[in-house]
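S.K.: Have a look at the structure that comes next, please.
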Amino acid sequence: KQQNLTHQKEYIYCNFNKYIPRNLDEQKMRNCLVQEAQTLIQLSQVKRITSVFFGGGTPSLANPLTIAAVLDTVSQCAHLAEGTEVTLEANPTSADASCLAEFQKAGINRLSIGVQSLNNTELKLLGRNHTSCDALRTLEEAKKLFAGRTSIDLIFGLPGQTNASWIQGLEELLTVCDDHISLYQLTLERGTSLFKQVHQGSLPMPDPDVVSEMYECSRHVLQNSAFHQYEVSNFARNVRALSTHNLSYWQGSQYIGIGPGAHGRFVPWGDGKVHREARIQTLEPDVWMKEVLAVGHGTRKRTELSKLDILEEVLMLGLRMDIGITHKHWLQFAPDLSLWDAFGESEEVKELEECGLLLLDDKGLRCSWRGLAVLDSLLLTLLNQFQKAWVEREKTFNQT
């Protein structure tokens with residue numbers, strides 16, 4: 001997750017780390033990305049990289065040589081098998097046909113396009129600098145280069161949006177999209193222009209029930225178009241279209257974040273540590289580069305994660321997937337506290353099962369189709385129950 005620009009701009013709706021260039025030294029930025037990748041991979045002592053994702057901002061503004069340099073470094077520091085998924089997030093205005101071809105030559109084999117909407121009024125509201133025509137043109141070019149490996153992002157729940165207008169736009173995109181779609185509900189973030197406008201009353205947000213209807217209708221429309229919902233926000237037409245990188249994230253795998261503002265989760269074995277850490281890189285690019293040049297990386301914050309922290313993450317992220325959490329997978333993280341032990345005797349969990357929202361069986365723990373749509377509310381019950389089970393486990397261990 002990185003964005004190689006150097007002066008902050010006003011955010012309309014999204015708080016990603018994004019900067020306007022002021023005398024950018026791209027070679028220096030490239031060298032620092034390479035240095036940090038090398039340092040952190042060596043620190044993690046990882047032997048094999050299963051996916052690479054260039055995102056968090058607008059990495060399609062980067063020079064393809066920078067992408068190539070990072071990938072070369074990754075492959076030198078760890079095993080990066082041929083055909084490993086390498087995704088680039090792209091905005092339509094920064095990804096014309098020749099540019100996309102250069103990214104492909106640099107090693108990109110999957111594209112995620114921030115279409116967001118095909119309604120120009122909505123795009124303007126979001127502060128996007130592309131039009132629906134730009135988005136459709138980029139999508140067509142992407143499908144030629146990354147056939148079966150092109151994803152699009154869409155946002156619903158916008159001010160003034162109705163269920164009818166949202167579904168109309170989704171159906172239009174279904175006639176031209178590739179095999180993967182991600183749907184995200186608009187979240188108003190403090191410090192953004194949109195947050196301010198809504199809270200001042202100048203922009204009306206849709207009623208929460210209408211937003212829920214948008215999501216539910218979307219699921220049915222996509223299902224009827226042969227898209228399988230494999231995660232709360234993600235839909236794919238076939239197995240090949242699934243995002244390997246995101247699946248690893250939802251399964252609680254370790255990941256290394258490089259670049260300004262990047263987040264990571266890994267065990268820094270090279271420092272003699274044995275516990276996983278949550279790591280955040282310095283946000284400001286200029287400061288981040290100084291730190292990388294001084295010590296090899298720009299990690300600003302390191303938080304050691306307890307076993308309980310990790311298990312709660314595994315629970316919250318794993319239940320986002322349609323397959324949920326298998327018993328085998330859970331036991332890799334908690335060999336002494338099975339899913340049955342944690343949830344099998346809970347009356348609250350049984351009630352969720354009886355309501356048809358949750359399943360706990362020989363396969364593992366997972367949401368039903370209906371349950372996925374209300375996962376946030378289910379997690380309140382499940383996390384509370386898990387914390388109770390954890391306390392009981394600790395008491396038992398302390399007594400033996």
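Please note that chains go A, B, ... in the order of the structure tokens, that every chain numbers its residues from 1, and that ligands are numbered from 1 in the order shown.
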Can you pull out the residues contacting Ser51 in chain A? Cut-off 9 Å, using only C-alpha atoms, and skip same-chain residues under 3 positions away; I want them as a ChimeraX atom specification.
M.R.: /A:80,84-87,244-245,248
S.K.: Could you write those residues out with N, CA, C and O atoms, as a short mmCIF file (atom, residue, chain, number, x, y, z; two decimals), in the first residue's frame?
M.R.:
```cif
data_model
loop_
_atom_site.label_atom_id
_atom_site.label_comp_id
_atom_site.auth_asym_id
_atom_site.auth_seq_id
_atom_site.Cartn_x
_atom_site.Cartn_y
_atom_site.Cartn_z
N LEU A 80 9.08 -16.06 -5.45
CA LEU A 80 7.88 -15.50 -6.07
C LEU A 80 7.63 -16.34 -7.32
O LEU A 80 8.22 -16.10 -8.38
N THR A 84 2.31 -15.98 -9.93
CA THR A 84 1.79 -15.47 -8.66
C THR A 84 0.95 -14.22 -8.92
O THR A 84 1.33 -13.37 -9.72
N GLU A 85 -0.18 -14.12 -8.24
CA GLU A 85 -1.07 -12.97 -8.45
C GLU A 85 -0.38 -11.67 -8.05
O GLU A 85 0.09 -11.52 -6.93
N VAL A 86 -0.34 -10.72 -9.00
CA VAL A 86 0.23 -9.39 -8.75
C VAL A 86 -0.80 -8.37 -9.23
O VAL A 86 -1.00 -8.17 -10.43
N THR A 87 -1.46 -7.72 -8.27
CA THR A 87 -2.58 -6.82 -8.57
C THR A 87 -2.15 -5.36 -8.49
O THR A 87 -1.37 -4.97 -7.63
N THR A 244 -6.64 -13.87 -4.77
CA THR A 244 -5.77 -14.64 -3.89
C THR A 244 -5.28 -13.79 -2.73
O THR A 244 -5.22 -14.25 -1.58
N HIS A 245 -4.92 -12.55 -3.03
CA HIS A 245 -4.37 -11.67 -2.00
C HIS A 245 -5.39 -11.41 -0.90
O HIS A 245 -5.10 -11.53 0.29
N SER A 248 -6.10 -14.44 1.32
CA SER A 248 -5.05 -14.64 2.33
C SER A 248 -5.27 -13.71 3.52
O SER A 248 -5.11 -14.09 4.68
#
```
S.K.: Using only C-alpha atoms, determine which residues lie at most 10 Å from Ile113 in chain A, disregarding the query and same-chain residues fewer than 5 positions distant; provide the list as a ChimeraX atom specification.
M.R.: /A:60,88-92,95,135,138-139,142,150-154,181-182
S.K.: Which residues come within 10 Å of Asn63 in chain A, counting only C-alpha atoms, excluding same-chain residues fewer than 5 positions away, as an mmCIF file with N, CA, C and O atoms, in the first residue's frame?
M.R.:
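Below you can see around_3.cif, which holds the result:
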```
data_model
loop_
_atom_site.group_PDB
_atom_site.id
_atom_site.type_symbol
_atom_site.label_atom_id
_atom_site.label_comp_id
_atom_site.auth_asym_id
_atom_site.auth_seq_id
_atom_site.Cartn_x
_atom_site.Cartn_y
_atom_site.Cartn_z
ATOM 1 N N ASN A 4 3.177 7.255 -4.355
ATOM 2 C CA ASN A 4 4.459 7.945 -4.459
ATOM 3 C C ASN A 4 4.308 9.404 -4.887
ATOM 4 O O ASN A 4 4.818 9.833 -5.904
ATOM 5 N N GLU A 26 11.253 10.676 -8.211
ATOM 6 C CA GLU A 26 10.731 9.311 -8.308
ATOM 7 C C GLU A 26 11.821 8.267 -8.147
ATOM 8 O O GLU A 26 11.579 7.188 -7.600
ATOM 9 N N GLN A 27 13.032 8.567 -8.594
ATOM 10 C CA GLN A 27 14.120 7.602 -8.425
ATOM 11 C C GLN A 27 14.405 7.373 -6.948
ATOM 12 O O GLN A 27 14.630 6.233 -6.512
ATOM 13 N N ARG A 30 11.621 5.276 -5.598
ATOM 14 C CA ARG A 30 11.786 3.889 -6.054
ATOM 15 C C ARG A 30 12.846 3.179 -5.223
ATOM 16 O O ARG A 30 12.647 2.054 -4.762
ATOM 17 N N ALA A 68 8.179 -2.527 -11.421
ATOM 18 C CA ALA A 68 9.106 -3.593 -11.812
ATOM 19 C C ALA A 68 10.243 -3.740 -10.812
ATOM 20 O O ALA A 68 10.642 -4.858 -10.451
ATOM 21 N N CYS A 99 -0.298 2.714 -21.054
ATOM 22 C CA CYS A 99 0.155 2.641 -19.668
ATOM 23 C C CYS A 99 -0.128 1.255 -19.089
ATOM 24 O O CYS A 99 0.724 0.654 -18.419
ATOM 25 N N GLU A 102 2.357 -1.232 -20.288
ATOM 26 C CA GLU A 102 3.644 -1.102 -19.594
ATOM 27 C C GLU A 102 3.606 -1.740 -18.208
ATOM 28 O O GLU A 102 4.570 -2.365 -17.767
ATOM 29 N N PHE A 103 2.477 -1.602 -17.534
ATOM 30 C CA PHE A 103 2.342 -2.253 -16.219
ATOM 31 C C PHE A 103 2.357 -3.775 -16.368
ATOM 32 O O PHE A 103 2.919 -4.486 -15.538
ATOM 33 N N ALA A 106 5.769 -4.867 -16.690
ATOM 34 C CA ALA A 106 6.479 -4.736 -15.413
ATOM 35 C C ALA A 106 6.195 -5.900 -14.474
ATOM 36 O O ALA A 106 6.914 -6.094 -13.483
#
```
S.K.: In Å, rounded to a single decimal, give me how far CA of Pro64 in chain A is from CA of Gln104 in chain A.
M.R.: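 Between CA of Gln104 in chain A and CA of Pro64 in chain A the gap works out to 8.7 Å.
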S.K.: Using only C-alpha atoms, determine which residues lie at most 8 Å from Leu317 in chain A, disregarding the query and same-chain residues fewer than 2 positions distant; provide the list as a list in words.
M.R.: Tyr249, Trp250, Gln251, Gly252, Glu313, Val314, Leu315, Leu319, Arg320 and Met321 of chain A
S.K.: So, with only C-alpha atoms as the atoms that count, which of A:Glu291, A:Glu351, A:Pro159, A:Ile280 lies closest to Leu203 in chain A?
M.R.: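 Nearest to Leu203 in chain A: A:Pro159.
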S.K.: Write down as a ChimeraX atom specification the residues belonging to range 191-264 of chain A that are assigned strand (DSSP E or B) by DSSP computed on the backbone.
M.R.: /A:228-231,234-236,255,263-264
S.K.: What lies within 9 Å of Lys363 in chain A using only C-alpha atoms, ignoring chain neighbours under 5 positions off, as a VMD selection string?
M.R.: chain A and resid 323 325 to 328
